[in-house]
Amino acid sequence: MQDIVLDMGGKLFAEHAEAAFHAHPKDTTEGAASWMPGLWAQVGELGLPLALLSEEHGGFDLPAATAMGLVRLAAAHAVPLPLGETMIANWLLAHAGLPLAEGPATLALGPELDGDRLNGPAARVAYGRHAATVVLLAGDRLVRTDAGTVTEASHNVAGEPRDTLVFAGEVTSAPAPVNKQNFRLLGALLRAQGMAGALEAALSMTVDHANSREQFGRPLGKFQAIQQSLAVMATNVAAAGAAAVMATDLLSDALAGTGAFATAAMAAKIRTGEAAGIGASIAHQTHGAIGFSQEYRLHPLTRRLWAWRDEWGREAEWCETLGTEVCARGPDGFWPFLTSTGSAA
Amino acid sequence: MSDFLTFPAPPALPGQDDLRRDVRAFLAETLGPDFGATDQARSWNGHDPEFSRKLGRQGWLGMTWPTEYGGGNRSPLERYVVIEELLAAGAPVAAHWIADRQSGPLLLRFGSEAQRRDILPRIAAGECYFCIGMSEAGSGSDLAAAKTRARRDGDEWVLNGTKIWTTYAHHAHYMIVFCRTGHSEDRHGGTSQLLVDLSTPGITISPILDLAGEHHLNEVQFDNVRLPATALLGQEGQGWDQVMGELAFERSGPDRFLSSFALLNDLVRVLGTAPDQASARAVGRMAAHLMVLRHMSRSVAGKLAREENPTLQATIVKDLGALIEQEIPEIARTLVPVEPVPGPQNDFACALARTLMSAPSFSLRGGTREILRGIIARGLGLR
Ligand SMILES: Cc1cc2nc3c(=O)[nH]c(=O)nc-3n(C[C@H](O)[C@H](O)[C@H](O)COP(=O)(O)OP(=O)(O)OC[C@H]3O[C@@H](n4cnc5c(N)ncnc54)[C@H](O)[C@@H]3O)c2cc1C
């Protein structure tokens, strides 16, 4: 079952990768990638938005790491979809006992809950203009609302919609299954998984390029300088993937709130964010000018890396939070802290 | 994507919390409250046979080996818990470290029944120590260029040559010597490994002091050293494959990213419980790196437990691990305005000095950074 879901997802994204590339505007200042209704319809038909749910909630009872593998694959093919957001939204709704999302969903913070109304804007909401359902955390309530009104349509450096929304209608809410830090870290986990996927794809493109492009009568990959820097990229790709898995394995702990998920997710966002910068830089350096061109399909990956490392908390923010926590425990608490977090076992 | 870039979590290990608690209690009692940052900063270079024997009595050496050879028949993941606790505490593990980490496993895999029965129980008891006989003056990264040679003479091997940079040869009972036994033109095929009892006549061990003036490295000369035929370890002519297997053991563990942990821990003490923003960020970043490396390293242990071959994954962990080990003193000195001062005091200045002066070795010993990256590049299909 696990492999089947990932195979299906991977195949679907691969089939749409070319169209996804053309869905992005040529000039990044022009606007966001256009919506791919056909692709989303198939994502829905396959049940992928429910991938994180147990059977009881209508899902497939997959291990979280497998379900999140879909987010990685979507990133590797650079398809413009709020799949991860919808998966997490449904997971939160299910655990709060609220009805699941209808169609594409997204996650937002900002507005305050006043009775059954939301006051104030939610900024830089991923795919906000396309979301049929928006899931917000307001105080200690999880809020479910229908589409909001877009007051500012913006996008990130990868051309993904990042919109400001306001909400006029009545909303439903329930006690939130996660606190605010963990809500944000669920977003951070999505970006960590996305960066892991984009890095894997960028590495494999870069290795292929190094093996096929010839200069001085031999493939670039035969030069030791190239080999050494691709090895550095590979170690960072490996660390990013490991970091994302480490945090994903602790997903259910986000509900219990022991702090293990929070710590691992911060570490994952920090480490994948650092790997993103290093990986994107080596990928471009190895590609030379062709990788800098609009028509070549490296930039959908590297621009996602540059965008995602700053979303849901950049490295500096989580480093500060994590470091403050480490120091508060003092030297006697540091090692026990490291061994009590990380992966569950 | 290449499978060697994935690091799944190891399986859950029942009882590991109890084991961890036992090791911590043992360390607190055995090392005592005066064992401070500068002592710990020796990392796995601290040599104390008495301590090694105590570990042996606890059953914490040769943990994964079969009981018939004095081992504990336990999982690599249990061993992982023990060794990471030893390293985090900066315990003086050098006496037995090489024997437990690589020589014992090598003997278990390639040794004769007599060699295993004779030696493994003594390693597991913390009484028998090994050193690594790979490097020579003309053969560092290019291990296959080794010139040390053993020739057959009747029932004996006669060994001639010089090994260098041999860690704790002066306290070891045995060296596993990588040497030529065949034609010199046959770079890989003409090599073997010999198990050499260092009390054999004709062996001269001379100290080489490190840049801090400490003696752990040596030069070891073999002058017509006569060894019994049974000194051959494994198969004649298989030395290259065997030594590559030995290096996989040498590179796989948490000793490859925790060498500077004592200094980082002391940095946390010096910064106090309410650090400024820059300090908190730096500590948080290093903690994140260590958490991820620990996940990766435990994943390697999980692969060993499943009897998979994690050579490439271990190479990745070692390369990344050395980077953070070397960054820690550089970052520590930017955050704390204290000059490094060599000395025995258990304070930040001395711990910084010791770590700073050890740091260059982190990306040399056990295979240099460039060699590791070459191995990774081969894994990527570039060579
Ligand atoms: C603290 C310490 C303990 C040690 N303990 C032991 C021990 O117990 N037993 C033992 O046998 N050895 C030991 N060594 C030796 C260690 O294995 C060697 O230092 C290591 O293999 C490198 O060899 P070298 O020092 O001769 O450097 P060289 O091989 O001369 O390398 C020098 C530099 O050139 C680079 N270089 C070499 N070849 C290439 C290439 N093809 N491409 C690109 N760059 C290259 C290296 O990466 C390095 O940066 C120890 C070393 C240290 C520092």
# chains A, B, ... in the order shown; residues from 1 in each chain; ligands from 1
call {"tool": "residues_around", "arguments": {"residues": "His284 in chain A", "least_positions_apart": "3", "cutoff": "10 Å", "atoms": "only C-alpha atoms", "output": "PyMOL selection string"}}
result
chain A and resi 202+206+279-281+287-292+298-299+302
call {"tool": "residues_around", "arguments": {"residues": "Asp210 in chain B", "least_positions_apart": "3", "cutoff": "12 Å", "atoms": "only C-alpha atoms", "output": "list in words"}}
result
Trp165, Thr166, Thr167, Pro207, Gly213, Glu214, His215, His216, Leu217, Asn218, Arg354, Met357, Ser358, Ala359, Pro360 and Ser361 of chain B
call {"tool": "write_last_selection", "arguments": {"atoms": "all heavy atoms", "output": "CSV table (one decimal), in the first residue's frame"}}
result
chain,number,residue,atom,x,y,z
B,165,TRP,N,52.1,7.1,12.3
B,165,TRP,CA,50.8,7.7,12.8
B,165,TRP,C,50.0,6.6,13.6
B,165,TRP,O,48.8,6.8,13.6
B,165,TRP,CB,50.0,8.3,11.7
B,165,TRP,CG,50.7,9.2,10.7
B,165,TRP,CD1,50.8,9.0,9.4
B,165,TRP,CD2,51.5,10.3,11.0
B,165,TRP,NE1,51.6,10.0,8.8
B,165,TRP,CE2,52.0,10.8,9.8
B,165,TRP,CE3,51.9,11.0,12.2
B,165,TRP,CZ2,52.9,11.9,9.8
B,165,TRP,CZ3,52.7,12.0,12.2
B,165,TRP,CH2,53.2,12.5,10.9
B,166,THR,N,50.7,5.7,14.2
B,166,THR,CA,49.9,4.6,14.8
B,166,THR,C,49.5,5.0,16.2
B,166,THR,O,50.3,5.1,17.1
B,166,THR,CB,50.8,3.3,14.9
B,166,THR,OG1,51.6,3.3,13.7
B,166,THR,CG2,49.9,2.1,15.0
B,167,THR,N,48.2,5.2,16.3
B,167,THR,CA,47.6,5.7,17.6
B,167,THR,C,47.7,4.6,18.6
B,167,THR,O,47.3,3.5,18.5
B,167,THR,CB,46.1,6.1,17.4
B,167,THR,OG1,46.1,7.1,16.3
B,167,THR,CG2,45.5,6.6,18.6
B,207,PRO,N,57.9,7.3,19.7
B,207,PRO,CA,56.9,8.3,19.8
B,207,PRO,C,56.9,9.3,18.7
B,207,PRO,O,58.0,9.7,18.3
B,207,PRO,CB,57.1,8.9,21.2
B,207,PRO,CG,58.5,8.6,21.5
B,207,PRO,CD,58.9,7.3,20.8
B,213,GLY,N,52.1,18.7,21.7
B,213,GLY,CA,53.2,18.1,22.5
B,213,GLY,C,52.7,16.8,23.2
B,213,GLY,O,53.5,16.3,24.1
B,214,GLU,N,51.6,16.2,22.8
B,214,GLU,CA,51.1,15.0,23.5
B,214,GLU,C,51.6,13.8,22.7
B,214,GLU,O,51.7,13.8,21.5
B,214,GLU,CB,49.6,15.0,23.6
B,214,GLU,CG,49.1,16.2,24.4
B,214,GLU,CD,47.9,15.9,25.2
B,214,GLU,OE1,47.4,14.8,25.2
B,214,GLU,OE2,47.5,16.8,26.0
B,215,HIS,N,51.7,12.7,23.4
B,215,HIS,CA,52.2,11.4,22.8
B,215,HIS,C,51.0,10.5,22.7
B,215,HIS,O,50.5,9.9,23.7
B,215,HIS,CB,53.3,10.8,23.6
B,215,HIS,CG,53.7,9.5,23.1
B,215,HIS,ND1,54.3,8.5,23.8
B,215,HIS,CD2,53.6,8.9,21.8
B,215,HIS,CE1,54.6,7.4,23.1
B,215,HIS,NE2,54.1,7.7,21.9
B,216,HIS,N,50.5,10.3,21.5
B,216,HIS,CA,49.6,9.2,21.2
B,216,HIS,C,49.9,8.6,19.9
B,216,HIS,O,49.7,7.4,19.7
B,216,HIS,CB,48.1,9.6,21.3
B,216,HIS,CG,47.8,10.9,20.5
B,216,HIS,ND1,47.2,11.0,19.3
B,216,HIS,CD2,48.0,12.2,20.9
B,216,HIS,CE1,47.0,12.2,18.9
B,216,HIS,NE2,47.5,13.0,19.9
B,217,LEU,N,50.6,9.3,19.0
B,217,LEU,CA,51.0,8.8,17.7
B,217,LEU,C,52.4,8.1,17.8
B,217,LEU,O,53.2,8.5,18.7
B,217,LEU,CB,51.1,9.9,16.7
B,217,LEU,CG,49.8,10.6,16.4
B,217,LEU,CD1,50.0,11.9,15.6
B,217,LEU,CD2,48.8,9.7,15.8
B,218,ASN,N,52.6,7.2,16.9
B,218,ASN,CA,53.9,6.5,16.9
B,218,ASN,C,54.4,6.1,15.5
B,218,ASN,O,53.6,6.1,14.6
B,218,ASN,CB,53.8,5.2,17.7
B,218,ASN,CG,53.4,5.4,19.2
B,218,ASN,OD1,54.3,5.7,20.0
B,218,ASN,ND2,52.1,5.4,19.4
B,354,ARG,N,42.4,22.8,24.0
B,354,ARG,CA,42.6,21.4,23.6
B,354,ARG,C,41.8,21.1,22.4
B,354,ARG,O,42.3,20.4,21.4
B,354,ARG,CB,42.1,20.5,24.8
B,354,ARG,CG,42.3,19.1,24.5
B,354,ARG,CD,42.3,18.2,25.8
B,354,ARG,NE,43.6,18.2,26.4
B,354,ARG,CZ,43.9,17.8,27.6
B,354,ARG,NH1,42.8,17.4,28.4
B,354,ARG,NH2,45.1,17.8,28.1
B,357,MET,N,43.3,22.6,19.2
B,357,MET,CA,44.6,21.9,18.7
B,357,MET,C,44.3,20.5,18.3
B,357,MET,O,45.2,19.9,17.6
B,357,MET,CB,45.6,22.0,19.8
B,357,MET,CG,46.1,23.4,20.0
B,357,MET,SD,47.6,23.5,21.1
B,357,MET,CE,46.9,23.2,22.7
B,358,SER,N,43.2,19.9,18.6
B,358,SER,CA,42.9,18.6,18.1
B,358,SER,C,42.2,18.6,16.7
B,358,SER,O,42.2,17.7,15.9
B,358,SER,CB,41.9,17.8,19.0
B,358,SER,OG,42.4,17.8,20.3
B,359,ALA,N,41.5,19.8,16.5
B,359,ALA,CA,40.6,19.9,15.4
B,359,ALA,C,41.1,19.5,14.0
B,359,ALA,O,40.4,18.9,13.2
B,359,ALA,CB,39.9,21.3,15.3
B,360,PRO,N,42.4,19.9,13.7
B,360,PRO,CA,42.8,19.5,12.3
B,360,PRO,C,42.7,18.0,12.0
B,360,PRO,O,42.5,17.6,10.9
B,360,PRO,CB,44.3,20.0,12.3
B,360,PRO,CG,44.3,21.1,13.3
B,360,PRO,CD,43.4,20.7,14.4
B,361,SER,N,42.9,17.2,13.1
B,361,SER,CA,42.9,15.8,12.9
B,361,SER,C,41.5,15.2,12.5
B,361,SER,O,41.4,14.1,11.9
B,361,SER,CB,43.4,15.0,14.1
B,361,SER,OG,42.5,15.1,15.2
call {"tool": "residues_near_ligand", "arguments": {"ligand": "ligand 1", "cutoff": "8 Å", "atoms": "only C-alpha atoms and all ligand atoms", "output": "MDAnalysis selection string"}}
result
(chainID A and resid 224) or (chainID B and resid 131:143 163:169 210 217 358 360:362 364:371 374)
call {"tool": "write_last_selection", "arguments": {"atoms": "N, CA, C and O atoms", "output": "CSV table (one decimal), in the first residue's frame"}}
result
chain,number,residue,atom,x,y,z
A,224,GLN,N,37.9,16.4,-10.8
A,224,GLN,CA,37.9,16.2,-9.3
A,224,GLN,C,37.2,17.4,-8.6
A,224,GLN,O,36.4,17.2,-7.7
B,131,CYS,N,46.0,-1.6,17.8
B,131,CYS,CA,46.3,-0.4,17.0
B,131,CYS,C,46.2,-0.7,15.5
B,131,CYS,O,46.1,-1.9,15.1
B,132,ILE,N,46.1,0.3,14.7
B,132,ILE,CA,45.8,0.2,13.3
B,132,ILE,C,47.1,0.4,12.5
B,132,ILE,O,47.7,1.5,12.5
B,133,GLY,N,47.5,-0.6,11.7
B,133,GLY,CA,48.7,-0.6,10.9
B,133,GLY,C,48.4,-0.4,9.5
B,133,GLY,O,48.7,-1.3,8.7
B,134,MET,N,47.9,0.8,9.1
B,134,MET,CA,47.7,1.1,7.7
B,134,MET,C,48.7,2.0,7.2
B,134,MET,O,49.4,1.7,6.2
B,135,SER,N,48.8,3.3,7.7
B,135,SER,CA,49.6,4.4,7.1
B,135,SER,C,51.1,4.1,7.1
B,135,SER,O,51.6,3.5,8.1
B,136,GLU,N,51.7,4.6,6.1
B,136,GLU,CA,53.2,4.6,6.0
B,136,GLU,C,53.6,6.0,5.5
B,136,GLU,O,52.8,6.7,5.0
B,137,ALA,N,55.0,6.2,5.6
B,137,ALA,CA,55.5,7.5,5.2
B,137,ALA,C,55.0,7.8,3.8
B,137,ALA,O,54.6,8.9,3.5
B,138,GLY,N,55.1,6.8,2.9
B,138,GLY,CA,54.8,7.1,1.5
B,138,GLY,C,53.4,6.7,1.1
B,138,GLY,O,53.0,6.7,-0.1
B,139,SER,N,52.6,6.3,2.1
B,139,SER,CA,51.3,5.7,1.8
B,139,SER,C,50.3,6.2,2.8
B,139,SER,O,50.1,5.6,3.9
B,140,GLY,N,49.7,7.3,2.5
B,140,GLY,CA,48.6,7.9,3.4
B,140,GLY,C,47.3,7.6,2.8
B,140,GLY,O,46.7,6.5,3.0
B,141,SER,N,46.8,8.6,2.1
B,141,SER,CA,45.5,8.4,1.4
B,141,SER,C,45.6,7.3,0.4
B,141,SER,O,44.7,6.5,0.2
B,142,ASP,N,46.8,7.2,-0.2
B,142,ASP,CA,47.0,6.1,-1.2
B,142,ASP,C,47.4,4.8,-0.5
B,142,ASP,O,48.6,4.4,-0.6
B,143,LEU,N,46.5,4.2,0.2
B,143,LEU,CA,46.8,3.1,1.1
B,143,LEU,C,47.4,1.9,0.3
B,143,LEU,O,48.3,1.2,0.8
B,163,LYS,N,55.4,1.4,9.8
B,163,LYS,CA,54.1,2.0,9.9
B,163,LYS,C,54.2,3.4,10.6
B,163,LYS,O,55.1,3.5,11.5
B,164,ILE,N,53.3,4.3,10.3
B,164,ILE,CA,53.4,5.6,11.0
B,164,ILE,C,52.1,6.1,11.4
B,164,ILE,O,51.1,5.6,10.9
B,165,TRP,N,52.1,7.1,12.3
B,165,TRP,CA,50.8,7.7,12.8
B,165,TRP,C,50.0,6.6,13.6
B,165,TRP,O,48.8,6.8,13.6
B,166,THR,N,50.7,5.7,14.2
B,166,THR,CA,49.9,4.6,14.8
B,166,THR,C,49.5,5.0,16.2
B,166,THR,O,50.3,5.1,17.1
B,167,THR,N,48.2,5.2,16.3
B,167,THR,CA,47.6,5.7,17.6
B,167,THR,C,47.7,4.6,18.6
B,167,THR,O,47.3,3.5,18.5
B,168,TYR,N,48.4,5.0,19.8
B,168,TYR,CA,48.5,4.2,21.0
B,168,TYR,C,49.2,2.9,20.7
B,168,TYR,O,48.9,1.9,21.4
B,169,ALA,N,50.1,2.8,19.7
B,169,ALA,CA,50.8,1.6,19.5
B,169,ALA,C,51.6,1.2,20.8
B,169,ALA,O,51.8,0.1,21.1
B,210,ASP,N,52.3,15.1,19.0
B,210,ASP,CA,51.4,15.9,18.2
B,210,ASP,C,51.7,17.4,18.4
B,210,ASP,O,52.6,17.7,19.2
B,217,LEU,N,50.6,9.3,19.0
B,217,LEU,CA,51.0,8.8,17.7
B,217,LEU,C,52.4,8.1,17.8
B,217,LEU,O,53.2,8.5,18.7
B,358,SER,N,43.2,19.9,18.6
B,358,SER,CA,42.9,18.6,18.1
B,358,SER,C,42.2,18.6,16.7
B,358,SER,O,42.2,17.7,15.9
B,360,PRO,N,42.4,19.9,13.7
B,360,PRO,CA,42.8,19.5,12.3
B,360,PRO,C,42.7,18.0,12.0
B,360,PRO,O,42.5,17.6,10.9
B,361,SER,N,42.9,17.2,13.1
B,361,SER,CA,42.9,15.8,12.9
B,361,SER,C,41.5,15.2,12.5
B,361,SER,O,41.4,14.1,11.9
B,362,PHE,N,40.5,15.9,12.8
B,362,PHE,CA,39.1,15.4,12.7
B,362,PHE,C,38.8,15.1,11.2
B,362,PHE,O,38.0,14.1,10.9
B,364,LEU,N,41.2,14.3,9.0
B,364,LEU,CA,42.3,13.5,8.5
B,364,LEU,C,42.2,12.1,8.8
B,364,LEU,O,42.2,11.2,8.0
B,365,ARG,N,42.2,11.8,10.2
B,365,ARG,CA,42.2,10.4,10.7
B,365,ARG,C,41.0,9.7,10.1
B,365,ARG,O,39.9,10.2,10.0
B,366,GLY,N,41.2,8.4,9.8
B,366,GLY,CA,40.1,7.6,9.4
B,366,GLY,C,39.7,7.8,7.9
B,366,GLY,O,38.7,7.4,7.5
B,367,GLY,N,40.6,8.6,7.2
B,367,GLY,CA,40.2,8.9,5.8
B,367,GLY,C,40.0,10.4,5.7
B,367,GLY,O,39.2,11.0,6.5
B,368,THR,N,40.7,11.1,4.8
B,368,THR,CA,40.6,12.6,4.8
B,368,THR,C,39.3,13.0,4.1
B,368,THR,O,38.6,12.2,3.4
B,369,ARG,N,39.0,14.2,4.4
B,369,ARG,CA,37.8,14.8,3.8
B,369,ARG,C,37.7,14.6,2.2
B,369,ARG,O,36.7,14.2,1.7
B,370,GLU,N,38.9,14.8,1.6
B,370,GLU,CA,38.9,14.7,0.1
B,370,GLU,C,38.7,13.2,-0.3
B,370,GLU,O,38.0,13.0,-1.3
B,371,ILE,N,39.2,12.3,0.4
B,371,ILE,CA,39.1,10.9,0.1
B,371,ILE,C,37.6,10.5,0.3
B,371,ILE,O,37.0,9.8,-0.5
B,374,GLY,N,35.6,11.7,-2.4
B,374,GLY,CA,35.8,10.9,-3.6
B,374,GLY,C,34.9,9.7,-3.6
B,374,GLY,O,34.4,9.2,-4.6
call {"tool": "residues_around", "arguments": {"residues": "Pro300 in chain A", "least_positions_apart": "5", "cutoff": "10 Å", "atoms": "only C-alpha atoms", "output": "PyMOL selection string"}}
result
chain A and resi 20-21+24+75-79+157-159+198+202+294+305
call {"tool": "closest_atom_pairs", "arguments": {"of": "chain B", "to": "chain A", "cutoff": "6 Å", "atoms": "only C-alpha atoms", "output": "Markdown table"}}
result
| residue | atom | partner | partner_atom | distance |
| --- | --- | --- | --- | --- |
| B:Leu5 | CA | A:Ala238 | CA | 4.7 |
| B:Phe7 | CA | A:Ala242 | CA | 5.4 |
| B:Ala12 | CA | A:Ala345 | CA | 4.2 |
| B:Leu13 | CA | A:Ala345 | CA | 6.0 |
| B:Asn265 | CA | A:Pro331 | CA | 5.4 |
| B:Val268 | CA | A:Pro331 | CA | 5.6 |
| B:Arg269 | CA | A:Pro331 | CA | 5.2 |
| B:Thr273 | CA | A:Ala328 | CA | 4.3 |
| B:Ala280 | CA | A:Gly323 | CA | 4.3 |
| B:Arg281 | CA | A:Glu320 | CA | 4.1 |
| B:Val283 | CA | A:Gly323 | CA | 4.9 |
| B:Gly284 | CA | A:Gly323 | CA | 3.5 |
| B:Arg285 | CA | A:Cys319 | CA | 5.1 |
| B:Ala288 | CA | A:Ala267 | CA | 4.3 |
| B:Met291 | CA | A:Gly342 | CA | 5.9 |
| B:Val292 | CA | A:Ala243 | CA | 5.5 |
| B:Ile316 | CA | A:Thr235 | CA | 5.7 |
| B:Arg373 | CA | A:Ala231 | CA | 5.3 |
| B:Ile376 | CA | A:Ala231 | CA | 5.6 |
| B:Ala377 | CA | A:Ala231 | CA | 5.3 |
| B:Leu382 | CA | A:Gly221 | CA | 5.3 |
call {"tool": "write_last_selection", "arguments": {"atoms": "C-alpha atoms", "output": "PDB file, in the first residue's frame"}}
result
ATOM      1  CA  LEU B   5      21.252   9.177   0.474  1.00  0.00           C
ATOM      2  CA  PHE B   7      18.518   7.511   6.329  1.00  0.00           C
ATOM      3  CA  ALA B  12      12.503   1.202  18.248  1.00  0.00           C
ATOM      4  CA  LEU B  13      14.705  -0.419  20.836  1.00  0.00           C
ATOM      5  CA  ASN B 265      28.668  21.671  26.380  1.00  0.00           C
ATOM      6  CA  VAL B 268      26.460  26.263  27.027  1.00  0.00           C
ATOM      7  CA  ARG B 269      27.641  26.534  30.635  1.00  0.00           C
ATOM      8  CA  THR B 273      20.685  30.240  30.949  1.00  0.00           C
ATOM      9  CA  ALA B 280      21.258  31.459  21.218  1.00  0.00           C
ATOM     10  CA  ARG B 281      21.183  31.262  17.439  1.00  0.00           C
ATOM     11  CA  VAL B 283      23.874  27.148  19.913  1.00  0.00           C
ATOM     12  CA  GLY B 284      20.535  26.301  18.332  1.00  0.00           C
ATOM     13  CA  ARG B 285      22.145  25.781  14.970  1.00  0.00           C
ATOM     14  CA  ALA B 288      20.137  21.098  15.152  1.00  0.00           C
ATOM     15  CA  MET B 291      20.350  16.092  16.234  1.00  0.00           C
ATOM     16  CA  VAL B 292      20.299  15.393  12.527  1.00  0.00           C
ATOM     17  CA  ILE B 316      28.464  10.854   4.581  1.00  0.00           C
ATOM     18  CA  ARG B 373      34.166  12.966  -0.887  1.00  0.00           C
ATOM     19  CA  ILE B 376      30.680   9.761  -2.231  1.00  0.00           C
ATOM     20  CA  ALA B 377      31.283  10.972  -5.797  1.00  0.00           C
ATOM     21  CA  LEU B 382      30.739  10.295 -11.238  1.00  0.00           C
TER      22      LEU B 382
END
call {"tool": "atom_distance", "arguments": {"atom1": "CA of Asn179 in chain A", "atom2": "CA of Val134 in chain A"}}
result
17.3 Å
call {"tool": "select_by_dssp", "arguments": {"residues": "range 97-235 of chain B", "states": "strand (DSSP E or B)", "output": "ChimeraX atom specification"}}
result
/B:130-133,136,139,149-153,156-164,174-180,191-197,203-209,215-228,232-233
call {"tool": "write_last_selection", "arguments": {"atoms": "C-alpha atoms", "output": "PDB file, in the first residue's frame"}}
result
ATOM      1  CA  PHE B 130      44.792  -2.969  19.322  1.00  0.00           C
ATOM      2  CA  CYS B 131      46.291  -0.401  17.002  1.00  0.00           C
ATOM      3  CA  ILE B 132      45.812   0.212  13.289  1.00  0.00           C
ATOM      4  CA  GLY B 133      48.694  -0.573  10.943  1.00  0.00           C
ATOM      5  CA  GLU B 136      53.184   4.589   6.030  1.00  0.00           C
ATOM      6  CA  SER B 139      51.286   5.736   1.788  1.00  0.00           C
ATOM      7  CA  ARG B 149      56.149  -6.504   3.136  1.00  0.00           C
ATOM      8  CA  ALA B 150      55.822  -9.974   4.589  1.00  0.00           C
ATOM      9  CA  ARG B 151      57.450 -12.934   2.886  1.00  0.00           C
ATOM     10  CA  ARG B 152      56.975 -16.596   3.636  1.00  0.00           C
ATOM     11  CA  ASP B 153      59.937 -18.428   5.070  1.00  0.00           C
ATOM     12  CA  GLU B 156      56.827 -18.339   9.221  1.00  0.00           C
ATOM     13  CA  TRP B 157      56.173 -14.859   7.885  1.00  0.00           C
ATOM     14  CA  VAL B 158      59.039 -12.398   7.929  1.00  0.00           C
ATOM     15  CA  LEU B 159      57.845  -8.808   8.179  1.00  0.00           C
ATOM     16  CA  ASN B 160      59.815  -5.709   7.194  1.00  0.00           C
ATOM     17  CA  GLY B 161      58.779  -2.073   6.904  1.00  0.00           C
ATOM     18  CA  THR B 162      57.591   0.947   8.872  1.00  0.00           C
ATOM     19  CA  LYS B 163      54.104   2.046   9.853  1.00  0.00           C
ATOM     20  CA  ILE B 164      53.448   5.597  10.955  1.00  0.00           C
ATOM     21  CA  TYR B 174      48.401  -6.198  18.785  1.00  0.00           C
ATOM     22  CA  MET B 175      48.557  -4.382  15.493  1.00  0.00           C
ATOM     23  CA  ILE B 176      46.662  -5.477  12.401  1.00  0.00           C
ATOM     24  CA  VAL B 177      49.214  -4.753   9.701  1.00  0.00           C
ATOM     25  CA  PHE B 178      48.220  -4.094   6.129  1.00  0.00           C
ATOM     26  CA  CYS B 179      51.152  -5.210   3.966  1.00  0.00           C
ATOM     27  CA  ARG B 180      52.322  -6.670   0.699  1.00  0.00           C
ATOM     28  CA  THR B 191      48.158  -7.407  -0.146  1.00  0.00           C
ATOM     29  CA  SER B 192      47.194  -9.169   3.092  1.00  0.00           C
ATOM     30  CA  GLN B 193      46.533  -8.383   6.728  1.00  0.00           C
ATOM     31  CA  LEU B 194      48.661  -9.852   9.498  1.00  0.00           C
ATOM     32  CA  LEU B 195      47.822 -10.062  13.166  1.00  0.00           C
ATOM     33  CA  VAL B 196      51.017  -8.968  14.881  1.00  0.00           C
ATOM     34  CA  ASP B 197      51.712  -9.495  18.564  1.00  0.00           C
ATOM     35  CA  ILE B 203      59.586  -4.327  16.600  1.00  0.00           C
ATOM     36  CA  THR B 204      60.583  -0.782  17.551  1.00  0.00           C
ATOM     37  CA  ILE B 205      57.914   1.685  18.614  1.00  0.00           C
ATOM     38  CA  SER B 206      58.986   5.350  18.683  1.00  0.00           C
ATOM     39  CA  PRO B 207      56.851   8.257  19.802  1.00  0.00           C
ATOM     40  CA  ILE B 208      55.692  11.081  17.519  1.00  0.00           C
ATOM     41  CA  LEU B 209      54.419  14.032  19.518  1.00  0.00           C
ATOM     42  CA  HIS B 215      52.156  11.448  22.808  1.00  0.00           C
ATOM     43  CA  HIS B 216      49.560   9.228  21.225  1.00  0.00           C
ATOM     44  CA  LEU B 217      51.014   8.793  17.735  1.00  0.00           C
ATOM     45  CA  ASN B 218      53.926   6.503  16.933  1.00  0.00           C
ATOM     46  CA  GLU B 219      56.206   5.160  14.300  1.00  0.00           C
ATOM     47  CA  VAL B 220      56.460   1.379  14.323  1.00  0.00           C
ATOM     48  CA  GLN B 221      59.380  -0.364  12.631  1.00  0.00           C
ATOM     49  CA  PHE B 222      59.450  -4.029  11.722  1.00  0.00           C
ATOM     50  CA  ASP B 223      62.920  -5.427  11.269  1.00  0.00           C
ATOM     51  CA  ASN B 224      62.850  -9.058  10.139  1.00  0.00           C
ATOM     52  CA  VAL B 225      60.024  -9.772  12.521  1.00  0.00           C
ATOM     53  CA  ARG B 226      59.289 -13.504  12.454  1.00  0.00           C
ATOM     54  CA  LEU B 227      55.640 -14.380  12.857  1.00  0.00           C
ATOM     55  CA  PRO B 228      53.941 -17.783  12.857  1.00  0.00           C
ATOM     56  CA  LEU B 232      47.750 -14.322   8.622  1.00  0.00           C
ATOM     57  CA  LEU B 233      44.346 -12.735   9.125  1.00  0.00           C
TER      58      LEU B 233
END
call {"tool": "residues_around", "arguments": {"residues": "Met36 in chain A", "least_positions_apart": "5", "cutoff": "12 Å", "atoms": "only C-alpha atoms", "output": "ChimeraX atom specification"}}
result
/A:13,16-24,41-43,79-82,104,127,130
call {"tool": "select_by_dssp", "arguments": {"residues": "range 46-82 of chain A", "states": "helix (DSSP H, G or I)", "output": "PyMOL selection string"}}
result
chain A and resi 48-50+55-57+64-76
call {"tool": "closest_residue", "arguments": {"among": "A:Pro121, A:Gly259, A:Pro37, A:Gly84", "to": "Gly187 in chain A", "atoms": "only C-alpha atoms"}}
result
A:Gly84
call {"tool": "closest_residue", "arguments": {"among": "A:Leu98, A:Pro161, A:Lys180, A:Leu73", "to": "Pro25 in chain A", "atoms": "only C-alpha atoms"}}
result
A:Pro161
call {"tool": "residues_around", "arguments": {"residues": "Ala51 in chain A", "least_positions_apart": "2", "cutoff": "7 Å", "atoms": "only C-alpha atoms", "output": "list in words"}}
result
Gly47, Leu48, Pro49, Leu53, Gly59, Phe60, Leu62, Ala67 and Met87 of chain A
